[in-house]
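A.B. asks: See entry26.pdb below, with PDB, C-alpha atoms.
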MODEL        1
ATOM      1  CA  MET D   1     132.372  12.763-145.775
ATOM      2  CA  PHE D   2     132.624  10.567-148.896
ATOM      3  CA  ARG D   3     130.973  10.874-152.285
ATOM      4  CA  GLY D   4     130.605   8.266-154.986
ATOM      5  CA  SER D   5     132.556   8.772-158.195
ATOM      6  CA  TRP D   6     132.682   7.061-161.588
ATOM      7  CA  ALA D   7     135.555   7.324-164.067
ATOM      8  CA  ARG D   8     136.076   5.556-167.390
ATOM      9  CA  MET D   9     139.286   3.561-167.630
ATOM     10  CA  GLY D  10     139.411   2.256-171.199
ATOM     11  CA  LYS D  11     136.150   0.382-171.739
ATOM     12  CA  THR D  12     135.519  -0.063-168.014
ATOM     13  CA  GLN D  13     133.710   2.238-165.613
ATOM     14  CA  VAL D  14     135.519   2.330-162.281
ATOM     15  CA  HIS D  15     133.735   3.210-159.066
ATOM     16  CA  ALA D  16     135.398   4.949-156.123
ATOM     17  CA  LEU D  17     134.552   6.783-152.950
ATOM     18  CA  ILE D  18     136.335  10.116-152.564
ATOM     19  CA  SER D  19     136.529  12.112-149.349
ATOM     20  CA  SER D  20     135.576  15.757-149.086
ATOM     21  CA  GLY D  21     136.152  18.533-146.590
ATOM     22  CA  CYS D  22     139.723  17.695-145.517
ATOM     23  CA  GLN D  23     142.968  19.612-145.976
ATOM     24  CA  GLN D  24     143.717  19.605-149.679
ATOM     25  CA  SER D  25     147.350  20.487-148.926
ATOM     26  CA  ALA D  26     147.902  17.107-147.247
ATOM     27  CA  ILE D  27     149.228  14.058-149.125
ATOM     28  CA  PRO D  28     146.386  12.231-150.904
ATOM     29  CA  VAL D  29     145.994   8.565-149.994
ATOM     30  CA  VAL D  30     144.631   5.817-152.267
ATOM     31  CA  LEU D  31     143.399   2.684-150.486
ATOM     32  CA  VAL D  32     143.836  -0.588-152.405
ATOM     33  CA  HIS D  33     141.559  -3.455-151.393
ATOM     34  CA  GLY D  34     142.363  -7.134-151.172
ATOM     35  CA  LEU D  35     141.458 -10.033-153.414
ATOM     36  CA  GLY D  36     137.820 -10.244-154.469
ATOM     37  CA  LEU D  37     136.784  -7.359-152.238
ATOM     38  CA  SER D  38     136.004  -3.659-152.616
ATOM     39  CA  HIS D  39     135.985  -0.304-150.853
ATOM     40  CA  ARG D  40     133.476  -1.491-148.247
ATOM     41  CA  TYR D  41     135.757  -3.213-145.757
ATOM     42  CA  MET D  42     138.369  -0.467-146.152
ATOM     43  CA  MET D  43     136.046   2.264-144.898
ATOM     44  CA  PRO D  44     136.916   2.152-141.162
ATOM     45  CA  THR D  45     140.475   3.125-142.085
ATOM     46  CA  ALA D  46     139.398   5.458-144.888
ATOM     47  CA  GLU D  47     137.133   7.426-142.565
ATOM     48  CA  ARG D  48     139.919   7.936-140.027
ATOM     49  CA  LEU D  49     142.477   9.003-142.631
ATOM     50  CA  ALA D  50     139.960  11.363-144.239
ATOM     51  CA  LEU D  51     140.055  13.557-141.126
ATOM     52  CA  THR D  52     143.487  14.768-142.227
ATOM     53  CA  HIS D  53     144.043  13.643-145.846
ATOM     54  CA  PRO D  54     142.213  13.510-149.165
ATOM     55  CA  VAL D  55     141.283   9.820-149.417
ATOM     56  CA  TYR D  56     140.349   7.777-152.473
ATOM     57  CA  VAL D  57     138.916   4.260-152.216
ATOM     58  CA  PRO D  58     138.487   2.712-155.685
ATOM     59  CA  ASP D  59     136.965  -0.635-156.587
ATOM     60  CA  LEU D  60     139.450  -2.285-158.923
ATOM     61  CA  PRO D  61     138.006  -3.336-162.316
ATOM     62  CA  GLY D  62     136.032  -6.547-161.899
ATOM     63  CA  PHE D  63     135.354  -5.970-158.216
ATOM     64  CA  GLY D  64     132.890  -4.101-156.046
ATOM     65  CA  LEU D  65     130.697  -1.720-157.999
ATOM     66  CA  SER D  66     133.154  -1.306-160.878
ATOM     67  CA  GLU D  67     132.371  -2.883-164.216
ATOM     68  CA  HIS D  68     133.841  -6.249-165.153
ATOM     69  CA  PRO D  69     136.382  -6.273-167.984
ATOM     70  CA  ASP D  70     136.107  -9.301-170.264
ATOM     71  CA  GLN D  71     139.581 -10.443-169.266
ATOM     72  CA  VAL D  72     140.591 -11.242-165.694
ATOM     73  CA  LEU D  73     143.479  -8.908-164.926
ATOM     74  CA  THR D  74     146.882 -10.016-163.667
ATOM     75  CA  VAL D  75     148.743  -8.198-160.890
ATOM     76  CA  PRO D  76     150.486  -5.872-163.391
ATOM     77  CA  GLY D  77     147.171  -5.485-165.203
ATOM     78  CA  LEU D  78     145.448  -4.345-162.018
ATOM     79  CA  ALA D  79     148.329  -1.970-161.247
ATOM     80  CA  ASP D  80     148.011  -0.493-164.741
ATOM     81  CA  ALA D  81     144.254  -0.192-164.263
ATOM     82  CA  LEU D  82     144.813   1.665-161.005
ATOM     83  CA  LEU D  83     147.194   3.997-162.790
ATOM     84  CA  GLY D  84     144.647   4.497-165.584
ATOM     85  CA  TRP D  85     141.996   5.391-163.030
ATOM     86  CA  MET D  86     144.341   7.935-161.456
ATOM     87  CA  ASP D  87     144.899   9.490-164.881
ATOM     88  CA  ALA D  88     141.138   9.605-165.478
ATOM     89  CA  ILE D  89     140.551  11.620-162.293
ATOM     90  CA  ALA D  90     143.712  13.730-162.740
ATOM     91  CA  LEU D  91     145.445  12.351-159.637
ATOM     92  CA  ARG D  92     149.098  12.666-160.553
ATOM     93  CA  ARG D  93     150.811  11.356-157.411
ATOM     94  CA  SER D  94     149.609   9.774-154.189
ATOM     95  CA  ALA D  95     150.459   7.742-151.156
ATOM     96  CA  PHE D  96     148.951   4.256-151.136
ATOM     97  CA  LEU D  97     147.678   1.975-148.393
ATOM     98  CA  GLY D  98     146.890  -1.626-149.283
ATOM     99  CA  ASN D  99     145.685  -4.694-147.459
ATOM    100  CA  SER D 100     146.791  -8.235-148.307
ATOM    101  CA  PHE D 101     146.700  -8.733-152.122
ATOM    102  CA  GLY D 102     146.406  -4.962-152.493
ATOM    103  CA  CYS D 103     150.017  -4.729-151.303
ATOM    104  CA  GLN D 104     151.158  -6.760-154.311
ATOM    105  CA  ILE D 105     149.466  -4.257-156.605
ATOM    106  CA  ILE D 106     151.135  -1.323-154.837
ATOM    107  CA  ILE D 107     154.584  -2.949-155.050
ATOM    108  CA  ASP D 108     154.112  -3.646-158.758
ATOM    109  CA  LEU D 109     152.932  -0.086-159.421
ATOM    110  CA  ALA D 110     155.722   1.509-157.384
ATOM    111  CA  SER D 111     158.420  -0.639-159.003
ATOM    112  CA  ARG D 112     157.402   0.362-162.551
ATOM    113  CA  HIS D 113     156.063   3.895-162.052
ATOM    114  CA  PRO D 114     158.118   5.420-159.227
ATOM    115  CA  GLY D 115     157.075   8.974-160.038
ATOM    116  CA  ARG D 116     153.457   8.242-159.191
ATOM    117  CA  VAL D 117     154.002   6.884-155.676
ATOM    118  CA  ILE D 118     154.857   9.225-152.803
ATOM    119  CA  LYS D 119     154.781   6.616-150.027
ATOM    120  CA  GLY D 120     153.199   3.237-149.361
ATOM    121  CA  VAL D 121     151.713   1.390-146.399
ATOM    122  CA  LEU D 122     151.691  -2.386-146.936
ATOM    123  CA  GLN D 123     149.320  -3.901-144.395
ATOM    124  CA  GLY D 124     149.513  -7.686-144.223
ATOM    125  CA  PRO D 125     151.339  -8.142-147.566
ATOM    126  CA  THR D 126     150.962 -11.505-149.288
ATOM    127  CA  THR D 127     152.482 -14.105-149.708
ATOM    128  CA  PRO D 128     155.651 -15.961-148.545
ATOM    129  CA  ALA D 129     157.390 -17.668-151.466
ATOM    130  CA  THR D 130     157.349 -21.003-149.627
ATOM    131  CA  GLU D 131     153.560 -20.870-149.236
ATOM    132  CA  ARG D 132     152.331 -19.958-152.711
ATOM    133  CA  THR D 133     150.062 -22.946-153.168
ATOM    134  CA  TRP D 134     146.285 -23.225-153.082
ATOM    135  CA  LEU D 135     146.395 -25.722-150.199
ATOM    136  CA  ARG D 136     148.767 -23.744-148.016
ATOM    137  CA  GLN D 137     146.853 -20.520-148.507
ATOM    138  CA  PHE D 138     143.549 -22.251-147.762
ATOM    139  CA  VAL D 139     145.057 -23.476-144.471
ATOM    140  CA  ARG D 140     146.305 -19.971-143.643
ATOM    141  CA  TRP D 141     142.942 -18.446-144.530
ATOM    142  CA  ARG D 142     141.226 -20.894-142.184
ATOM    143  CA  GLN D 143     143.728 -20.089-139.423
ATOM    144  CA  ASN D 144     142.963 -16.396-139.790
ATOM    145  CA  ALA D 145     139.176 -16.782-139.873
ATOM    146  CA  PRO D 146     138.677 -16.911-136.055
ATOM    147  CA  TYR D 147     140.222 -13.442-135.754
ATOM    148  CA  ASN D 148     137.638 -11.892-138.081
ATOM    149  CA  PRO D 149     134.416 -10.575-136.530
ATOM    150  CA  LYS D 150     131.131 -11.847-137.953
ATOM    151  CA  SER D 151     130.441  -8.371-139.295
ATOM    152  CA  LEU D 152     133.403  -8.712-141.653
ATOM    153  CA  GLY D 153     132.011 -11.898-143.161
ATOM    154  CA  ALA D 154     128.739 -10.099-143.826
ATOM    155  CA  VAL D 155     130.740  -7.607-145.902
ATOM    156  CA  THR D 156     133.140  -9.934-147.716
ATOM    157  CA  TRP D 157     131.008 -12.886-148.854
ATOM    158  CA  PRO D 158     128.593 -10.773-150.920
ATOM    159  CA  GLU D 159     131.645  -9.183-152.547
ATOM    160  CA  TYR D 160     132.910 -12.559-153.771
ATOM    161  CA  ARG D 161     129.514 -13.340-155.275
ATOM    162  CA  MET D 162     129.329  -9.916-156.923
ATOM    163  CA  SER D 163     132.753 -10.338-158.530
ATOM    164  CA  GLY D 164     132.030 -13.912-159.561
ATOM    165  CA  TYR D 165     133.880 -16.899-158.190
ATOM    166  CA  ARG D 166     135.689 -17.571-161.482
ATOM    167  CA  ARG D 167     137.178 -14.079-161.455
ATOM    168  CA  VAL D 168     138.134 -14.347-157.789
ATOM    169  CA  LEU D 169     139.810 -17.734-158.257
ATOM    170  CA  GLN D 170     141.664 -16.673-161.407
ATOM    171  CA  THR D 171     142.904 -13.534-159.647
ATOM    172  CA  PHE D 172     143.997 -15.698-156.730
ATOM    173  CA  HIS D 173     145.952 -17.863-159.193
ATOM    174  CA  TYR D 174     147.677 -14.744-160.536
ATOM    175  CA  SER D 175     148.475 -13.617-157.000
ATOM    176  CA  LEU D 176     150.270 -16.887-156.263
ATOM    177  CA  ARG D 177     152.401 -16.520-159.383
ATOM    178  CA  ASP D 178     153.402 -12.963-158.517
ATOM    179  CA  ARG D 179     156.826 -12.429-156.932
ATOM    180  CA  PRO D 180     156.834  -9.169-154.957
ATOM    181  CA  GLU D 181     160.273  -9.980-153.563
ATOM    182  CA  ASP D 182     161.711  -9.586-157.082
ATOM    183  CA  LYS D 183     160.082  -6.161-157.498
ATOM    184  CA  ALA D 184     160.700  -4.752-154.016
ATOM    185  CA  PRO D 185     164.353  -3.726-154.631
ATOM    186  CA  ALA D 186     163.161  -1.406-157.435
ATOM    187  CA  VAL D 187     160.701   0.444-155.162
ATOM    188  CA  GLN D 188     162.260   3.788-154.266
ATOM    189  CA  ALA D 189     159.363   5.351-152.361
ATOM    190  CA  PRO D 190     159.337   4.988-148.549
ATOM    191  CA  MET D 191     157.339   1.904-147.611
ATOM    192  CA  LEU D 192     155.922   0.945-144.215
ATOM    193  CA  VAL D 193     155.168  -2.753-143.783
ATOM    194  CA  VAL D 194     152.497  -3.223-141.094
ATOM    195  CA  ARG D 195     151.874  -6.687-139.709
ATOM    196  CA  GLY D 196     149.436  -7.866-137.084
ATOM    197  CA  GLU D 197     151.260  -9.879-134.431
ATOM    198  CA  LEU D 198     148.836 -12.809-134.825
ATOM    199  CA  ASP D 199     148.612 -12.750-138.633
ATOM    200  CA  PRO D 200     149.056 -16.314-140.026
ATOM    201  CA  ILE D 201     148.852 -15.160-143.663
ATOM    202  CA  CYS D 202     151.593 -12.541-143.514
ATOM    203  CA  ARG D 203     154.075 -14.443-141.368
ATOM    204  CA  ALA D 204     156.699 -12.683-139.270
ATOM    205  CA  ASP D 205     159.642 -13.990-141.309
ATOM    206  CA  TRP D 206     158.018 -12.916-144.585
ATOM    207  CA  ALA D 207     157.261  -9.398-143.316
ATOM    208  CA  ASP D 208     160.831  -9.120-142.062
ATOM    209  CA  ASP D 209     162.273 -10.273-145.391
ATOM    210  CA  LEU D 210     160.048  -7.939-147.404
ATOM    211  CA  TRP D 211     160.774  -4.712-145.553
ATOM    212  CA  ARG D 212     164.507  -5.400-145.765
ATOM    213  CA  LEU D 213     164.242  -5.828-149.555
ATOM    214  CA  LEU D 214     162.610  -2.418-149.877
ATOM    215  CA  PRO D 215     165.348   0.264-150.219
ATOM    216  CA  ASN D 216     163.365   2.655-147.999
ATOM    217  CA  GLY D 217     161.370   0.125-146.016
ATOM    218  CA  ARG D 218     160.578  -0.314-142.352
ATOM    219  CA  LEU D 219     158.394  -2.630-140.287
ATOM    220  CA  VAL D 220     155.794  -2.053-137.588
ATOM    221  CA  VAL D 221     154.034  -4.882-135.733
ATOM    222  CA  ILE D 222     150.620  -4.238-134.184
ATOM    223  CA  PRO D 223     150.158  -6.355-131.017
ATOM    224  CA  LYS D 224     147.247  -8.777-130.603
ATOM    225  CA  GLN D 225     145.909  -8.264-134.151
ATOM    226  CA  ALA D 226     145.732 -10.494-137.227
ATOM    227  CA  HIS D 227     145.386  -9.971-140.986
ATOM    228  CA  THR D 228     142.638  -7.450-141.704
ATOM    229  CA  LEU D 229     143.711  -4.415-139.714
ATOM    230  CA  VAL D 230     142.002  -2.035-142.146
ATOM    231  CA  TYR D 231     138.709  -3.323-140.740
ATOM    232  CA  THR D 232     139.456  -4.771-137.304
ATOM    233  CA  ALA D 233     142.048  -2.300-135.991
ATOM    234  CA  SER D 234     141.690   0.917-137.980
ATOM    235  CA  HIS D 235     142.643   3.017-134.944
ATOM    236  CA  ASP D 236     145.945   1.156-134.523
ATOM    237  CA  LEU D 237     146.644   1.184-138.243
ATOM    238  CA  THR D 238     146.037   4.895-138.702
ATOM    239  CA  GLY D 239     148.025   5.495-135.521
ATOM    240  CA  VAL D 240     151.179   4.259-137.285
ATOM    241  CA  THR D 241     150.190   5.477-140.759
ATOM    242  CA  GLU D 242     149.640   9.132-139.883
ATOM    243  CA  PRO D 243     153.158   9.819-138.520
ATOM    244  CA  PHE D 244     154.652   7.965-141.498
ATOM    245  CA  LEU D 245     152.706  10.114-143.960
ATOM    246  CA  ARG D 246     153.721  13.317-142.171
ATOM    247  CA  GLU D 247     157.450  12.567-142.292
ATOM    248  CA  GLY D 248     159.299  14.895-144.619
ATOM    249  CA  THR D 249     156.254  17.067-145.381
TER     250      THR D 249
ENDMDL
END
Translate this file's structure into structure tokens.
C.D. replies:
Amino acid sequence: MFRGSWARMGKTQVHALISSGCQQSAIPVVLVHGLGLSHRYMMPTAERLALTHPVYVPDLPGFGLSEHPDQVLTVPGLADALLGWMDAIALRRSAFLGNSFGCQIIIDLASRHPGRVIKGVLQGPTTPATERTWLRQFVRWRQNAPYNPKSLGAVTWPEYRMSGYRRVLQTFHYSLRDRPEDKAPAVQAPMLVVRGELDPICRADWADDLWRLLPNGRLVVIPKQAHTLVYTASHDLTGVTEPFLREGT
């Protein structure tokens, strides 16, 4: 159902998985992974969406199988890299679905390049302004850990090592300095904020604030789930994503 793809974005080769065999008339969907990770943990959701949509799952530069640029990219830098990858594969416009830090990249991209974003699904967007410290986020990460199955850890920890801990930590620093709430009012595309009811990282008050800042935003809460719905609750996530993507088409 998916094939590997390589595209040159500047000096960096970017890896992606691209679906095949679905309806090409449907809205394409680009999945944007979280901090330090790659396409791998996104695949449960990607495989479900690929039944009805063309799906693209890139590894951002410096992560997964993609090459490492010399410089660690900021949030706008990663958004620009994602846009450059889209240009390289001739993908003019798309819907986007991101998890965690990936939501920050989507918001940045949509706020500066509105013509490239059809719709967005922000699953577990990070991070409340009052909690943008290393200590607070470490506490939240530890609170979320019991909700993750052991199989997820087997996927994520090798990803951190592959990216390099310096790159992961520097990217984390950039994520804490990013202010998606300042960019959200400029996002014109319809945006669906999806939060797991038990998610300690994307708190209820933050999700509520964020969707209200988005001019065409709305919020859905998935019961009895936490932060990584793309892996742990792909059925529930695609169950709310599919109707959202079909609206207006």
A.B. asks: Pick out the closest residue to Trp134 (chain D) from this set: D:Asn99, D:Asn216, D:Ser163, D:Ser175. Count only C-alpha atoms.
C.D. replies: D:Ser175
A.B. asks: Of the candidates D:Val230, D:Met1, D:Leu122, D:Val187, which shows the shortest atom-to-atom distance to Cys202 (chain D), using all atoms listed in the file?
C.D. replies: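 Among the listed residues, D:Leu122 lies closest to Cys202 (chain D).
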A.B. asks: Env of Phe2 (chain D): 12 Å cut, atoms = only C-alpha atoms, seq-sep filter 6 positions within chain, self excluded. Answer as number ranges by chain.
C.D. replies: D: 16-22, 39, 43, 46-51, 54-58
A.B. asks: Got time to write the residues from that selection, C-alpha atoms, as a PDB file, in the coordinates of the input?
C.D. replies:
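After the write, part37.pdb holds the following:
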ATOM      1  CA  ALA D  16     135.398   4.949-156.123  1.00  0.00           C
ATOM      2  CA  LEU D  17     134.552   6.783-152.950  1.00  0.00           C
ATOM      3  CA  ILE D  18     136.335  10.116-152.564  1.00  0.00           C
ATOM      4  CA  SER D  19     136.529  12.112-149.349  1.00  0.00           C
ATOM      5  CA  SER D  20     135.576  15.757-149.086  1.00  0.00           C
ATOM      6  CA  GLY D  21     136.152  18.533-146.590  1.00  0.00           C
ATOM      7  CA  CYS D  22     139.723  17.695-145.517  1.00  0.00           C
ATOM      8  CA  HIS D  39     135.985  -0.304-150.853  1.00  0.00           C
ATOM      9  CA  MET D  43     136.046   2.264-144.898  1.00  0.00           C
ATOM     10  CA  ALA D  46     139.398   5.458-144.888  1.00  0.00           C
ATOM     11  CA  GLU D  47     137.133   7.426-142.565  1.00  0.00           C
ATOM     12  CA  ARG D  48     139.919   7.936-140.027  1.00  0.00           C
ATOM     13  CA  LEU D  49     142.477   9.003-142.631  1.00  0.00           C
ATOM     14  CA  ALA D  50     139.960  11.363-144.239  1.00  0.00           C
ATOM     15  CA  LEU D  51     140.055  13.557-141.126  1.00  0.00           C
ATOM     16  CA  PRO D  54     142.213  13.510-149.165  1.00  0.00           C
ATOM     17  CA  VAL D  55     141.283   9.820-149.417  1.00  0.00           C
ATOM     18  CA  TYR D  56     140.349   7.777-152.473  1.00  0.00           C
ATOM     19  CA  VAL D  57     138.916   4.260-152.216  1.00  0.00           C
ATOM     20  CA  PRO D  58     138.487   2.712-155.685  1.00  0.00           C
TER      21      PRO D  58
END
A.B. asks: Name all residues at most 10 Å from Gly120 (chain D) (count all atoms listed in the file; drop same-chain ones fewer than 4 positions away) and give them as number ranges by chain.
C.D. replies: D: 29-31, 94-98, 103, 106-107, 110, 187, 189-193, 217, 241, 244-245
A.B. asks: Can you tell me which residues surround region 235-238 of chain D at a distance of at most 10 Å, considering all atoms listed in the file, apart from same-chain residues fewer than 4 positions away, and format the answer as a PyMOL selection string?
C.D. replies: chain D and resi 44-46+48-49+121+123+194-196+220-223+225+229-231+242-245
